[in-house]
Amino acid sequence: MPEIDPGSSEPRPAAARPGRHAAQEPVAEVSAPGGSGPGAHALAGPRRQDKSRGRNPFLLWLKEIATVVVIAVVLSFLIKTFLFRAFYIPSESMVNTLDINDRIFVNLLVPEPFALERGDVVVFKDTKGWLPPSPQKADGPFSVVEEGLTFVGLLPDNSEQHLVKRVIGLPGDHVVCCDAGGKITVNGAALDEKYVNPAEVPAVRTFDVVVPQGKVWVMGDNRNHSADSRAHTDTNGGFVDIADIEGKAAVIAWPMNRWAALDNYPDVFKNVPSAG
């Protein structure tokens with residue numbers, strides 16, 4: 001309420017109260033350092049813009065590329081170590097399933113934690129001397145780079161000290177060649193081997209084995225051109241240690257016109273009884 005001056009009938013304006021602004025007086029907004037008022041935003045905006053303008057776009061691009069490359073290398077190494085690994089096929093022992101120069105991806109989860117099955121195509125280390133010693137590679141300007149890319153999984157393993165064959169007999173299996181019809185038998189059941197190279201009739205090479213524990217009996221699909229378990233009975237009985245198996249070949253990755261998932265032909269072995 002307006003105050004009335006004693007002795008006058010006219011009201012006089014009330015004085016501004018302490019701590020409050022008089023009506024209609026403009027007030028400048030002042031933000032304390034570190035505050036969040038409008039003043040703070042007015043100052044911070046230009047600073048951010050100036051900071052971003054000062055960055056070199058080329059350096060930012062290089063940083064992004066380096067980040068992508070590092071992530072790709074780390075992921076490739078983890079995949080190569082725990083899930084899949086690339087291998088190169090140098091021989092004709094698995095024709096027509098695998099051709100020379102095919103690149104394949106091998107599932108490293110077989111034989112552990114997932115068990116092997118009859119018919120699986122496996123890659124294994126040559127610890128029994130099935131292959132001649134690998135010649136010493138000459139050191140070149142790109143040899144270190146090639147070895148590094150192979151180590152992290154960006155290049156297939158071109159080492160000739162690995163072999164690829166098909167598992168025919170598991171531990172405890174009785175594998176025989178051949179029955180009266182010229183077929184291999186496993187635990188007495190004859191196999192109709194659809195994966196064998198149809199271009200040639202396999203030559204009969206007789207054998208009669210029982211697969212020991214911890215080992216498998218392997219054979220190539222190109223029977224007449226495969227130095228497999230049959231050719232190495234004088235070394236470890238021709239058996240391959242399961243501990244030497246790198247994994248199960250899963251897909252043909254290269255060349256692109258041969259891309260395919262590899263089959264283990266379960267129908268071929270469906271009538272094979274369990275090892276006695």
# chains A, B, ... in the order shown; residues from 1 in each chain; ligands from 1
>>> residues_around(residues="Leu108 of chain A", least_positions_apart="5", cutoff="7 Å", atoms="only C-alpha atoms", output="ChimeraX atom specification")
/A:82-84,246-248
>>> residues_around(residues="segment 159-175 of chain A", least_positions_apart="4", cutoff="7 Å", atoms="only C-alpha atoms", output="PyMOL selection string")
chain A and resi 94+118-126+131+134+185-187+208-220+275
>>> closest_atom_pairs(of="segment 190-232 of chain A", to="segment 259-266 of chain A", cutoff="9 Å", atoms="only C-alpha atoms", output="tab-separated table")
residue	atom	partner	partner_atom	distance
A:Glu193	CA	A:Tyr265	CA	8.7
A:Lys194	CA	A:Tyr265	CA	7.9
A:Tyr195	CA	A:Tyr265	CA	7.8
>>> write_last_selection(atoms="N, CA, C and O atoms", output="PDB file, in the first residue's frame")
ATOM      1  N   GLU A 193      30.725 -93.547 -49.089  1.00  0.00           N
ATOM      2  CA  GLU A 193      31.462 -92.292 -48.930  1.00  0.00           C
ATOM      3  C   GLU A 193      31.209 -91.335 -50.101  1.00  0.00           C
ATOM      4  O   GLU A 193      31.936 -91.322 -51.087  1.00  0.00           O
ATOM      5  N   LYS A 194      30.212 -90.465 -49.924  1.00  0.00           N
ATOM      6  CA  LYS A 194      29.805 -89.533 -50.975  1.00  0.00           C
ATOM      7  C   LYS A 194      30.825 -88.427 -51.200  1.00  0.00           C
ATOM      8  O   LYS A 194      30.786 -87.746 -52.228  1.00  0.00           O
ATOM      9  N   TYR A 195      31.719 -88.215 -50.248  1.00  0.00           N
ATOM     10  CA  TYR A 195      32.684 -87.128 -50.339  1.00  0.00           C
ATOM     11  C   TYR A 195      33.943 -87.510 -51.111  1.00  0.00           C
ATOM     12  O   TYR A 195      34.761 -86.660 -51.445  1.00  0.00           O
TER      13      TYR A 195
END
>>> residues_around(residues="Arg103 of chain A", least_positions_apart="4", cutoff="9 Å", atoms="only C-alpha atoms", output="PyMOL selection string")
chain A and resi 86-89+156+251-255
>>> write_last_selection(atoms="all heavy atoms", output="compact mmCIF listing (two decimals), in the first residue's frame")
# COMPACT_ATOMS: atom_id res chain seq x y z
N ALA A 86 42.41 -68.85 -40.07
CA ALA A 86 42.49 -69.08 -41.51
C ALA A 86 43.67 -69.97 -41.86
O ALA A 86 44.75 -69.85 -41.28
CB ALA A 86 42.61 -67.73 -42.24
N PHE A 87 43.44 -70.88 -42.83
CA PHE A 87 44.51 -71.76 -43.32
C PHE A 87 44.47 -71.81 -44.84
O PHE A 87 43.43 -71.58 -45.47
CB PHE A 87 44.34 -73.18 -42.76
CG PHE A 87 44.80 -73.34 -41.34
CD1 PHE A 87 43.91 -73.16 -40.30
CD2 PHE A 87 46.11 -73.65 -41.05
CE1 PHE A 87 44.32 -73.30 -38.98
CE2 PHE A 87 46.54 -73.79 -39.74
CZ PHE A 87 45.64 -73.62 -38.70
N TYR A 88 45.62 -72.15 -45.39
CA TYR A 88 45.81 -72.25 -46.83
C TYR A 88 45.97 -73.72 -47.22
O TYR A 88 46.66 -74.47 -46.52
CB TYR A 88 47.04 -71.43 -47.21
CG TYR A 88 47.64 -71.73 -48.56
CD1 TYR A 88 47.05 -71.24 -49.72
CD2 TYR A 88 48.82 -72.46 -48.67
CE1 TYR A 88 47.61 -71.49 -50.96
CE2 TYR A 88 49.39 -72.71 -49.90
CZ TYR A 88 48.77 -72.23 -51.05
OH TYR A 88 49.33 -72.48 -52.27
N ILE A 89 45.34 -74.13 -48.33
CA ILE A 89 45.41 -75.53 -48.77
C ILE A 89 46.44 -75.64 -49.90
O ILE A 89 46.23 -75.12 -51.01
CB ILE A 89 44.03 -76.01 -49.29
CG1 ILE A 89 42.96 -75.83 -48.21
CG2 ILE A 89 44.12 -77.48 -49.71
CD1 ILE A 89 43.24 -76.54 -46.92
N PRO A 156 46.03 -65.88 -43.89
CA PRO A 156 45.97 -67.31 -43.58
C PRO A 156 47.35 -67.87 -43.28
O PRO A 156 48.36 -67.34 -43.73
CB PRO A 156 45.39 -67.93 -44.86
CG PRO A 156 45.74 -66.96 -45.93
CD PRO A 156 45.70 -65.60 -45.29
N VAL A 251 34.39 -73.39 -43.28
CA VAL A 251 33.97 -72.81 -44.55
C VAL A 251 35.17 -72.60 -45.46
O VAL A 251 36.30 -72.46 -44.99
CB VAL A 251 33.25 -71.45 -44.36
CG1 VAL A 251 31.98 -71.59 -43.57
CG2 VAL A 251 34.17 -70.44 -43.71
N ILE A 252 34.89 -72.60 -46.77
CA ILE A 252 35.86 -72.12 -47.75
C ILE A 252 35.63 -70.63 -47.89
O ILE A 252 34.54 -70.19 -48.29
CB ILE A 252 35.68 -72.82 -49.11
CG1 ILE A 252 35.83 -74.34 -48.95
CG2 ILE A 252 36.69 -72.31 -50.12
CD1 ILE A 252 35.47 -75.12 -50.21
N ALA A 253 36.64 -69.84 -47.55
CA ALA A 253 36.49 -68.38 -47.56
C ALA A 253 36.99 -67.73 -48.84
O ALA A 253 36.57 -66.62 -49.18
CB ALA A 253 37.22 -67.78 -46.36
N TRP A 254 37.91 -68.41 -49.54
CA TRP A 254 38.49 -67.82 -50.74
C TRP A 254 38.98 -68.93 -51.65
O TRP A 254 39.48 -69.95 -51.14
CB TRP A 254 39.66 -66.90 -50.35
CG TRP A 254 40.19 -66.09 -51.49
CD1 TRP A 254 41.27 -66.39 -52.29
CD2 TRP A 254 39.66 -64.87 -52.00
NE1 TRP A 254 41.44 -65.43 -53.24
CE2 TRP A 254 40.47 -64.48 -53.09
CE3 TRP A 254 38.57 -64.06 -51.63
CZ2 TRP A 254 40.21 -63.34 -53.82
CZ3 TRP A 254 38.33 -62.92 -52.35
CH2 TRP A 254 39.14 -62.56 -53.43
N PRO A 255 38.82 -68.83 -52.97
CA PRO A 255 38.24 -67.72 -53.73
C PRO A 255 36.73 -67.61 -53.54
O PRO A 255 36.08 -68.58 -53.14
CB PRO A 255 38.61 -68.04 -55.17
CG PRO A 255 38.77 -69.53 -55.19
CD PRO A 255 39.31 -69.91 -53.85
>>> closest_residue(among="A:Pro132, A:Pro202, A:Gly237, A:Pro273", to="Ala190 of chain A", atoms="only C-alpha atoms")
A:Pro273
>>> closest_residue(among="A:Gly182, A:Gly238, A:Pro90, A:Pro133", to="Arg205 of chain A", atoms="only C-alpha atoms")
A:Gly182
>>> closest_residue(among="A:Ile184, A:Asn197, A:Arg85, A:Arg223", to="Val110 of chain A", atoms="only C-alpha atoms")
A:Arg85
>>> select_by_dssp(residues="segment 53-275 of chain A", states="alpha helix (DSSP H)", output="PyMOL selection string")
chain A and resi 53+57-82+143-152
>>> atom_distance(atom1="atom CA of Ala249 of chain A", atom2="atom CA of Phe105 of chain A")
6.0 Å
>>> residues_around(residues="Val196 of chain A", least_positions_apart="4", cutoff="8 Å", atoms="only C-alpha atoms", output="list of chain:residue names")
A:Asn96, A:Asp221, A:Asn222, A:Arg223
